[in-house]
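J.: Here you go, upload.pdb (PDB, C-alpha atoms):
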MODEL        1
ATOM      1  CA  MET C 251     -12.731 -18.504  12.642
ATOM      2  CA  PRO C 252     -13.240 -17.378  16.271
ATOM      3  CA  LEU C 253     -16.748 -16.980  17.687
ATOM      4  CA  VAL C 254     -15.756 -14.354  20.250
ATOM      5  CA  ALA C 255     -13.471 -11.314  20.066
ATOM      6  CA  PRO C 256     -11.536  -9.936  23.072
ATOM      7  CA  VAL C 257     -11.812  -6.215  23.848
ATOM      8  CA  THR C 258     -10.874  -3.842  26.623
ATOM      9  CA  ILE C 259     -13.784  -1.875  28.050
ATOM     10  CA  GLN C 260     -14.373   0.875  30.578
ATOM     11  CA  LYS C 261     -16.774  -0.256  33.304
ATOM     12  CA  ILE C 262     -18.752   2.525  34.920
ATOM     13  CA  SER C 263     -20.445   1.989  38.280
ATOM     14  CA  GLY C 264     -21.833   5.099  39.887
ATOM     15  CA  GLU C 265     -18.957   7.580  39.697
ATOM     16  CA  SER C 266     -16.194   4.960  39.579
ATOM     17  CA  GLN C 267     -14.492   3.807  36.381
ATOM     18  CA  THR C 268     -12.298   0.756  35.841
ATOM     19  CA  GLU C 269     -10.687  -0.907  32.847
ATOM     20  CA  ALA C 270     -11.486  -4.559  32.274
ATOM     21  CA  PRO C 271     -11.231  -7.272  29.590
ATOM     22  CA  ASP C 272     -14.420  -8.433  27.902
ATOM     23  CA  LEU C 273     -15.598 -10.683  25.068
ATOM     24  CA  LEU C 274     -17.869  -9.767  22.149
ATOM     25  CA  ALA C 275     -19.797 -12.048  19.822
ATOM     26  CA  VAL C 276     -18.142 -12.044  16.411
ATOM     27  CA  GLU C 277     -20.234 -10.703  13.534
ATOM     28  CA  GLU C 278     -18.994 -11.432  10.002
ATOM     29  CA  PRO C 279     -20.645 -11.510   6.566
ATOM     30  CA  LEU C 280     -21.317 -14.833   4.874
ATOM     31  CA  GLU C 281     -21.977 -14.806   1.149
ATOM     32  CA  ILE C 282     -24.046 -17.745  -0.061
ATOM     33  CA  ARG C 283     -23.341 -18.733  -3.677
ATOM     34  CA  LEU C 284     -25.161 -21.307  -5.774
ATOM     35  CA  GLY C 285     -23.638 -23.615  -8.350
ATOM     36  CA  PHE C 286     -26.461 -24.685 -10.649
ATOM     37  CA  GLY C 287     -27.443 -25.741 -14.144
ATOM     38  CA  PRO C 288     -26.937 -28.826 -16.312
ATOM     39  CA  THR C 289     -23.654 -30.706 -16.125
ATOM     40  CA  HIS C 290     -22.384 -29.251 -19.408
ATOM     41  CA  ASP C 291     -23.237 -25.662 -18.469
ATOM     42  CA  ARG C 292     -22.686 -25.095 -14.733
ATOM     43  CA  GLN C 293     -23.128 -21.517 -13.523
ATOM     44  CA  GLN C 294     -22.513 -19.663 -10.281
ATOM     45  CA  ARG C 295     -24.555 -16.899  -8.682
ATOM     46  CA  GLY C 296     -24.537 -15.172  -5.320
ATOM     47  CA  VAL C 297     -27.933 -15.261  -3.647
ATOM     48  CA  SER C 298     -27.511 -13.675  -0.218
ATOM     49  CA  VAL C 299     -25.138 -12.086   2.244
ATOM     50  CA  ALA C 300     -25.972 -12.808   5.878
ATOM     51  CA  MET C 301     -24.367 -11.035   8.822
ATOM     52  CA  ARG C 302     -23.796 -13.971  11.133
ATOM     53  CA  THR C 303     -21.750 -15.428  13.948
ATOM     54  CA  PRO C 304     -19.322 -17.930  12.350
ATOM     55  CA  GLY C 305     -20.083 -21.569  13.000
ATOM     56  CA  HIS C 306     -22.502 -24.031  11.403
ATOM     57  CA  ASP C 307     -22.207 -22.019   8.183
ATOM     58  CA  GLU C 308     -23.226 -24.984   6.035
ATOM     59  CA  GLU C 309     -26.428 -25.356   8.042
ATOM     60  CA  LEU C 310     -27.116 -21.633   7.753
ATOM     61  CA  ALA C 311     -26.775 -21.752   3.967
ATOM     62  CA  ILE C 312     -28.909 -24.876   3.592
ATOM     63  CA  GLY C 313     -31.542 -23.649   6.039
ATOM     64  CA  PHE C 314     -31.808 -20.343   4.204
ATOM     65  CA  LEU C 315     -32.150 -22.016   0.799
ATOM     66  CA  PHE C 316     -34.787 -24.423   2.106
ATOM     67  CA  THR C 317     -36.900 -21.821   3.901
ATOM     68  CA  GLU C 318     -36.798 -19.628   0.790
ATOM     69  CA  GLY C 319     -38.041 -22.508  -1.361
ATOM     70  CA  ILE C 320     -34.920 -22.897  -3.505
ATOM     71  CA  ILE C 321     -34.272 -26.495  -2.413
ATOM     72  CA  GLN C 322     -36.836 -29.087  -1.400
ATOM     73  CA  GLN C 323     -35.011 -32.261  -0.343
ATOM     74  CA  ARG C 324     -31.600 -33.627   0.607
ATOM     75  CA  THR C 325     -30.887 -34.953  -2.899
ATOM     76  CA  ASP C 326     -31.157 -31.413  -4.320
ATOM     77  CA  VAL C 327     -27.738 -30.634  -2.792
ATOM     78  CA  LEU C 328     -24.548 -32.167  -4.174
ATOM     79  CA  SER C 329     -22.163 -30.350  -1.825
ATOM     80  CA  CYS C 330     -21.886 -27.371   0.490
ATOM     81  CA  ARG C 331     -18.454 -26.023   1.423
ATOM     82  CA  HIS C 332     -16.500 -22.861   2.071
ATOM     83  CA  CYS C 333     -14.618 -21.307  -0.807
ATOM     84  CA  VAL C 334     -10.869 -21.138  -0.204
ATOM     85  CA  GLN C 335      -9.644 -17.555  -0.041
ATOM     86  CA  ASP C 336      -6.250 -16.175  -1.056
ATOM     87  CA  SER C 337      -4.903 -17.017   2.398
ATOM     88  CA  GLN C 338      -5.810 -20.681   1.765
ATOM     89  CA  LYS C 339      -8.102 -20.583   4.763
ATOM     90  CA  GLU C 340     -11.849 -21.007   4.922
ATOM     91  CA  GLY C 341     -13.489 -17.617   4.779
ATOM     92  CA  ASN C 342     -16.791 -15.827   4.461
ATOM     93  CA  VAL C 343     -17.992 -17.338   1.188
ATOM     94  CA  ILE C 344     -19.827 -20.650   0.980
ATOM     95  CA  ARG C 345     -20.880 -22.407  -2.210
ATOM     96  CA  VAL C 346     -23.808 -24.792  -2.480
ATOM     97  CA  GLU C 347     -23.720 -27.068  -5.514
ATOM     98  CA  LEU C 348     -27.196 -28.066  -6.641
ATOM     99  CA  HIS C 349     -28.129 -31.221  -8.507
ATOM    100  CA  PRO C 350     -28.231 -30.557 -12.276
ATOM    101  CA  ASP C 351     -31.959 -31.378 -12.339
ATOM    102  CA  VAL C 352     -32.839 -28.619  -9.848
ATOM    103  CA  VAL C 353     -34.473 -25.671 -11.574
ATOM    104  CA  VAL C 354     -33.945 -22.515  -9.526
ATOM    105  CA  ASP C 355     -36.957 -20.211  -9.202
ATOM    106  CA  TRP C 356     -35.133 -16.940  -8.597
ATOM    107  CA  SER C 357     -38.403 -15.110  -8.083
ATOM    108  CA  ARG C 358     -38.887 -16.945  -4.767
ATOM    109  CA  LEU C 359     -36.029 -14.989  -3.250
ATOM    110  CA  GLU C 360     -37.729 -11.761  -4.287
ATOM    111  CA  ARG C 361     -41.211 -12.815  -3.143
ATOM    112  CA  ASN C 362     -40.363 -14.329   0.184
ATOM    113  CA  THR C 363     -37.673 -12.050   1.601
ATOM    114  CA  PHE C 364     -39.398  -9.177   3.391
ATOM    115  CA  THR C 365     -36.893  -6.536   4.477
ATOM    116  CA  SER C 366     -38.794  -3.282   4.567
ATOM    117  CA  SER C 367     -41.991  -2.057   6.150
ATOM    118  CA  SER C 368     -42.469   0.133   3.055
ATOM    119  CA  CYS C 369     -42.212  -2.712   0.524
ATOM    120  CA  GLY C 370     -45.803  -2.191  -0.607
ATOM    121  CA  LEU C 371     -47.104  -5.584   0.532
ATOM    122  CA  CYS C 372     -50.106  -5.981   2.790
ATOM    123  CA  GLY C 373     -50.416  -8.759   5.330
ATOM    124  CA  LYS C 374     -52.639 -10.925   3.123
ATOM    125  CA  THR C 375     -50.264 -10.595   0.173
ATOM    126  CA  THR C 376     -47.360 -11.598   2.376
ATOM    127  CA  ILE C 377     -49.172 -14.686   3.688
ATOM    128  CA  ASP C 378     -50.374 -15.697   0.224
ATOM    129  CA  ALA C 379     -46.802 -15.542  -1.066
ATOM    130  CA  VAL C 380     -45.547 -17.756   1.756
ATOM    131  CA  MET C 381     -48.364 -20.278   1.287
ATOM    132  CA  THR C 382     -47.063 -21.078  -2.205
ATOM    133  CA  THR C 383     -43.949 -22.653  -0.627
ATOM    134  CA  THR C 384     -45.786 -24.762   1.990
ATOM    135  CA  ASN C 385     -48.085 -27.784   2.034
ATOM    136  CA  GLY C 386     -50.920 -25.765   3.526
ATOM    137  CA  PRO C 387     -52.021 -25.661   7.179
ATOM    138  CA  ILE C 388     -49.906 -27.794   9.496
ATOM    139  CA  GLN C 389     -51.438 -31.096  10.543
ATOM    140  CA  SER C 390     -49.778 -32.315  13.734
ATOM    141  CA  THR C 391     -50.651 -34.342  16.813
ATOM    142  CA  LEU C 392     -48.008 -32.602  18.937
ATOM    143  CA  SER C 393     -49.212 -31.865  22.455
ATOM    144  CA  VAL C 394     -47.132 -30.194  25.165
ATOM    145  CA  GLU C 395     -47.693 -29.797  28.909
ATOM    146  CA  PRO C 396     -47.362 -26.204  30.229
ATOM    147  CA  PRO C 397     -44.488 -27.163  32.603
ATOM    148  CA  ILE C 398     -42.453 -28.207  29.549
ATOM    149  CA  LEU C 399     -42.707 -24.684  28.164
ATOM    150  CA  HIS C 400     -42.028 -23.100  31.559
ATOM    151  CA  ALA C 401     -38.723 -24.974  31.791
ATOM    152  CA  LEU C 402     -37.435 -24.128  28.301
ATOM    153  CA  PRO C 403     -35.870 -20.676  28.897
ATOM    154  CA  GLU C 404     -33.552 -21.897  31.635
ATOM    155  CA  ARG C 405     -32.737 -25.181  29.922
ATOM    156  CA  VAL C 406     -31.829 -23.445  26.669
ATOM    157  CA  ARG C 407     -29.840 -20.736  28.469
ATOM    158  CA  GLU C 408     -27.734 -23.414  30.152
ATOM    159  CA  THR C 409     -26.674 -24.721  26.737
ATOM    160  CA  GLN C 410     -25.738 -21.327  25.244
ATOM    161  CA  ARG C 411     -21.977 -21.539  25.524
ATOM    162  CA  ILE C 412     -21.179 -18.350  23.596
ATOM    163  CA  PHE C 413     -24.042 -16.367  25.148
ATOM    164  CA  ALA C 414     -22.553 -17.109  28.556
ATOM    165  CA  TYR C 415     -19.402 -15.236  27.527
ATOM    166  CA  THR C 416     -20.914 -12.380  25.512
ATOM    167  CA  GLY C 417     -24.625 -11.975  26.282
ATOM    168  CA  GLY C 418     -24.997 -11.079  22.598
ATOM    169  CA  LEU C 419     -26.421 -14.124  20.833
ATOM    170  CA  HIS C 420     -29.884 -15.419  20.046
ATOM    171  CA  ALA C 421     -30.805 -19.087  20.314
ATOM    172  CA  ALA C 422     -33.180 -21.421  18.506
ATOM    173  CA  ALA C 423     -33.844 -24.842  20.031
ATOM    174  CA  LEU C 424     -35.773 -27.820  18.691
ATOM    175  CA  PHE C 425     -37.631 -29.779  21.384
ATOM    176  CA  ASP C 426     -40.006 -32.724  21.545
ATOM    177  CA  SER C 427     -43.237 -33.211  23.508
ATOM    178  CA  ALA C 428     -41.262 -34.302  26.585
ATOM    179  CA  GLY C 429     -39.107 -31.173  26.492
ATOM    180  CA  LYS C 430     -35.967 -32.927  25.260
ATOM    181  CA  LEU C 431     -33.672 -30.532  23.392
ATOM    182  CA  LEU C 432     -32.564 -32.087  20.107
ATOM    183  CA  ILE C 433     -30.867 -29.243  18.204
ATOM    184  CA  ILE C 434     -29.684 -25.903  19.572
ATOM    185  CA  ARG C 435     -28.075 -23.190  17.479
ATOM    186  CA  GLU C 436     -26.797 -19.723  18.399
ATOM    187  CA  ASP C 437     -26.221 -16.669  16.236
ATOM    188  CA  ILE C 438     -26.129 -12.907  16.510
ATOM    189  CA  GLY C 439     -29.148 -12.891  14.180
ATOM    190  CA  ARG C 440     -32.483 -14.425  15.196
ATOM    191  CA  HIS C 441     -33.206 -15.508  11.637
ATOM    192  CA  ASN C 442     -29.759 -17.055  11.264
ATOM    193  CA  ALA C 443     -30.150 -19.135  14.426
ATOM    194  CA  LEU C 444     -33.408 -20.591  13.100
ATOM    195  CA  ASP C 445     -31.959 -21.163   9.625
ATOM    196  CA  LYS C 446     -29.048 -23.052  11.215
ATOM    197  CA  LEU C 447     -31.480 -25.219  13.176
ATOM    198  CA  ILE C 448     -33.613 -25.970  10.116
ATOM    199  CA  GLY C 449     -30.489 -26.600   8.054
ATOM    200  CA  ALA C 450     -29.288 -29.128  10.641
ATOM    201  CA  ALA C 451     -32.648 -30.894  10.508
ATOM    202  CA  PHE C 452     -32.522 -30.835   6.693
ATOM    203  CA  TRP C 453     -29.115 -32.599   6.663
ATOM    204  CA  GLN C 454     -30.478 -35.278   8.994
ATOM    205  CA  ASN C 455     -33.597 -35.846   6.846
ATOM    206  CA  TRP C 456     -35.874 -34.858   9.732
ATOM    207  CA  LEU C 457     -38.072 -32.500   7.728
ATOM    208  CA  PRO C 458     -40.947 -31.827   7.968
ATOM    209  CA  LEU C 459     -40.762 -31.224  11.728
ATOM    210  CA  TYR C 460     -44.411 -32.001  12.471
ATOM    211  CA  GLN C 461     -43.779 -33.543  15.898
ATOM    212  CA  TYR C 462     -41.468 -30.885  17.331
ATOM    213  CA  GLY C 463     -41.614 -27.370  18.681
ATOM    214  CA  VAL C 464     -39.084 -24.544  18.445
ATOM    215  CA  PHE C 465     -38.048 -22.258  21.278
ATOM    216  CA  LEU C 466     -36.699 -18.798  20.384
ATOM    217  CA  SER C 467     -34.777 -16.520  22.721
ATOM    218  CA  GLY C 468     -36.265 -13.275  21.355
ATOM    219  CA  ARG C 469     -39.432 -11.945  19.824
ATOM    220  CA  ILE C 470     -41.413 -13.652  17.052
ATOM    221  CA  GLY C 471     -41.438 -11.754  13.763
ATOM    222  CA  VAL C 472     -43.332 -12.849  10.672
ATOM    223  CA  GLU C 473     -40.148 -14.072   8.964
ATOM    224  CA  LEU C 474     -39.586 -16.588  11.765
ATOM    225  CA  VAL C 475     -43.130 -17.901  11.375
ATOM    226  CA  GLN C 476     -42.551 -18.110   7.619
ATOM    227  CA  LYS C 477     -39.425 -20.215   8.085
ATOM    228  CA  SER C 478     -41.086 -22.434  10.688
ATOM    229  CA  TRP C 479     -44.153 -22.997   8.524
ATOM    230  CA  ARG C 480     -41.953 -24.002   5.613
ATOM    231  CA  ALA C 481     -40.225 -26.558   7.883
ATOM    232  CA  GLY C 482     -43.558 -27.900   9.176
ATOM    233  CA  ILE C 483     -43.016 -26.748  12.766
ATOM    234  CA  PRO C 484     -46.388 -26.742  14.589
ATOM    235  CA  LEU C 485     -45.409 -24.782  17.711
ATOM    236  CA  ILE C 486     -43.207 -21.758  18.393
ATOM    237  CA  ALA C 487     -42.487 -20.705  21.966
ATOM    238  CA  ALA C 488     -40.470 -17.571  22.630
ATOM    239  CA  VAL C 489     -39.251 -15.353  25.425
ATOM    240  CA  GLY C 490     -40.539 -12.283  23.590
ATOM    241  CA  ALA C 491     -43.766 -11.153  21.975
ATOM    242  CA  PRO C 492     -45.079 -11.974  18.503
ATOM    243  CA  SER C 493     -45.963  -9.296  15.995
ATOM    244  CA  SER C 494     -49.499  -8.914  14.685
ATOM    245  CA  LEU C 495     -48.566 -10.303  11.266
ATOM    246  CA  ALA C 496     -46.726 -13.212  12.879
ATOM    247  CA  VAL C 497     -49.934 -14.184  14.691
ATOM    248  CA  GLN C 498     -52.001 -13.696  11.548
ATOM    249  CA  MET C 499     -49.684 -15.997   9.591
ATOM    250  CA  ALA C 500     -49.634 -18.546  12.428
ATOM    251  CA  GLN C 501     -53.426 -18.650  12.395
ATOM    252  CA  GLU C 502     -53.406 -19.361   8.650
ATOM    253  CA  ALA C 503     -50.789 -22.072   9.205
ATOM    254  CA  GLN C 504     -52.676 -23.526  12.210
ATOM    255  CA  MET C 505     -49.444 -23.084  14.141
ATOM    256  CA  THR C 506     -49.370 -22.580  17.901
ATOM    257  CA  ILE C 507     -47.674 -19.399  19.125
ATOM    258  CA  ALA C 508     -46.710 -19.004  22.793
ATOM    259  CA  GLY C 509     -45.098 -15.692  23.697
ATOM    260  CA  PHE C 510     -43.591 -14.200  26.874
ATOM    261  CA  VAL C 511     -42.464 -17.672  27.955
ATOM    262  CA  ARG C 512     -40.674 -16.749  31.154
ATOM    263  CA  ASN C 513     -41.166 -16.584  34.918
ATOM    264  CA  GLU C 514     -43.570 -19.535  34.933
ATOM    265  CA  ARG C 515     -46.066 -17.908  32.568
ATOM    266  CA  PHE C 516     -46.807 -17.470  28.873
ATOM    267  CA  ASN C 517     -49.493 -16.167  26.510
ATOM    268  CA  VAL C 518     -51.028 -18.321  23.761
ATOM    269  CA  TYR C 519     -51.924 -16.427  20.571
ATOM    270  CA  SER C 520     -53.027 -19.165  18.180
ATOM    271  CA  ALA C 521     -53.971 -22.874  18.032
ATOM    272  CA  PRO C 522     -54.091 -23.331  21.851
ATOM    273  CA  GLU C 523     -55.201 -26.969  21.539
ATOM    274  CA  ARG C 524     -51.573 -28.156  21.274
ATOM    275  CA  ILE C 525     -50.933 -27.028  24.844
ATOM    276  CA  LYS C 526     -52.620 -29.405  27.254
ATOM    277  CA  GLY C 527     -55.305 -27.792  29.343
ATOM    278  CA  GLN C 528     -55.750 -24.963  26.828
ATOM    279  CA  GLY C 529     -58.298 -24.418  24.093
TER     280      GLY C 529
ENDMDL
END
Can you present the structure in this file as structure tokens?
T.:
Amino acid sequence: MPLVAPVTIQKISGESQTEAPDLLAVEEPLEIRLGFGPTHDRQQRGVSVAMRTPGHDEELAIGFLFTEGIIQQRTDVLSCRHCVQDSQKEGNVIRVELHPDVVVDWSRLERNTFTSSSCGLCGKTTIDAVMTTTNGPIQSTLSVEPPILHALPERVRETQRIFAYTGGLHAAALFDSAGKLLIIREDIGRHNALDKLIGAAFWQNWLPLYQYGVFLSGRIGVELVQKSWRAGIPLIAAVGAPSSLAVQMAQEAQMTIAGFVRNERFNVYSAPERIKGQG
């Protein structure tokens, strides 16, 4: 499935108008289905539909299931593959087969997926719900020099192959204390990019990610902190700003948040001690 789609656009500059070819980031739905239950009574159920940029779909599915608390470890997953459509080609449905011993807590999907500002939950309720899927505040010895964070935006941008063509994708990058980029994932959705990254780390048995930071190309919403906390990530750095609830959750998690990481500056909103010279 292609990652970019060609289009013809009208380019307007002042009062002049010209026709030109362009490329758009592809956005397609991905339905995540679970196969679960004892060997003698296997069942199937759809759990989510994500609007995503095709690519690394298996990681997206696994990352989503892990950050929502449905799976805990690599042995919980027997297989993860696309369903074959009528055309005999891989399509927009992916099925994750769980080990027969895995008991699915369906209520986690309802508790932990926050999609509306009018859902009736207050900040404390939201954080308390997330804490039930974590091991408590993050204990990590990670320490990062400010120049490492200053260099991340440009270094990550240089790796964004599809962004270079479309300008329409978000990135999530896993980095170590020396600034080495270990995993980079792109997607039209900020949450999807992070789920893909966490899913990749899950497959490689790297979780929890106590000794790594994550760089995000956009703003930091509470859902991104939730996913990072679940994966044990002690530091989030981002080009954009965090929300108030994101900072509140990060403080509970003892997670470092650095926002507005660009142009040789950044703001630290929580746990500054992980950035050398701060705190």
J.: I'd like the residues picked by the PyMOL selection byres ((chain C and resi 475) around 10) written out as a short mmCIF file (atom, residue, chain, number, x, y, z; two decimals) with C-alpha atoms, in the frame of the given file, using the chain letters and numbers from the file.
T.:
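Saved as part-v6.cif:
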data_model
loop_
_atom_site.label_atom_id
_atom_site.label_comp_id
_atom_site.auth_asym_id
_atom_site.auth_seq_id
_atom_site.Cartn_x
_atom_site.Cartn_y
_atom_site.Cartn_z
CA VAL C 380 -45.55 -17.76 1.76
CA ILE C 470 -41.41 -13.65 17.05
CA GLY C 471 -41.44 -11.75 13.76
CA VAL C 472 -43.33 -12.85 10.67
CA GLU C 473 -40.15 -14.07 8.96
CA LEU C 474 -39.59 -16.59 11.76
CA GLN C 476 -42.55 -18.11 7.62
CA LYS C 477 -39.42 -20.22 8.09
CA SER C 478 -41.09 -22.43 10.69
CA TRP C 479 -44.15 -23.00 8.52
CA ARG C 480 -41.95 -24.00 5.61
CA ALA C 481 -40.22 -26.56 7.88
CA ILE C 483 -43.02 -26.75 12.77
CA PRO C 484 -46.39 -26.74 14.59
CA LEU C 485 -45.41 -24.78 17.71
CA ILE C 486 -43.21 -21.76 18.39
CA PRO C 492 -45.08 -11.97 18.50
CA LEU C 495 -48.57 -10.30 11.27
CA ALA C 496 -46.73 -13.21 12.88
CA VAL C 497 -49.93 -14.18 14.69
CA GLN C 498 -52.00 -13.70 11.55
CA MET C 499 -49.68 -16.00 9.59
CA ALA C 500 -49.63 -18.55 12.43
CA ALA C 503 -50.79 -22.07 9.20
CA MET C 505 -49.44 -23.08 14.14
CA ILE C 507 -47.67 -19.40 19.12
#
J.: Quick one: of C:Gln528, C:Thr303, C:Ser298, C:Gln293, who's nearest to Leu253 of chain C, counting only C-alpha atoms?
T.: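 Smallest distance to Leu253 of chain C is found for C:Thr303.
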J.: Quick one: of C:Glu408, C:Glu309, C:Glu269, C:Asp355, who's nearest to Asn442 of chain C, counting all atoms listed in the file?
T.: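 The shortest atom-to-atom distance to Asn442 of chain C comes from C:Glu309.
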J.: Go ahead and compute the interatomic distance for atom CA of Ile321 of chain C and atom CA of Pro350 of chain C, in Å to one decimal.
T.: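 About the pair atom CA of Ile321 of chain C and atom CA of Pro350 of chain C: they are 12.3 Å apart.
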J.: Write out as a ChimeraX atom specification the residues lying within 9 Å of Ala300 of chain C, counting all atoms listed in the file and excluding same-chain residues fewer than 4 positions away.
T.: /C:278-282,439,442
J.: Give me, as an NGL selection string, all polymer residues having an atom no more than 12 Å from Pro304 of chain C, counting only C-alpha atoms and skipping those fewer than 5 positions away in the same chain.
T.: :C and (251-255 or 275-281 or 309-311 or 332 or 340-344 or 412 or 419 or 435-439 or 442-443 or 446)
J.: Identify which of the residues C:Arg512, C:Arg324, C:Lys261, C:Arg345 lies closest to Gln454 of chain C, counting only C-alpha atoms when measuring atom-to-atom distances.
T.: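 Smallest separation from Gln454 of chain C among the options: C:Arg324.
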J.: Between atom CA of Tyr462 of chain C and atom CA of Arg331 of chain C, measure the distance and give it in Å to one decimal.
T.: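 These atoms are spaced 28.4 Å apart.
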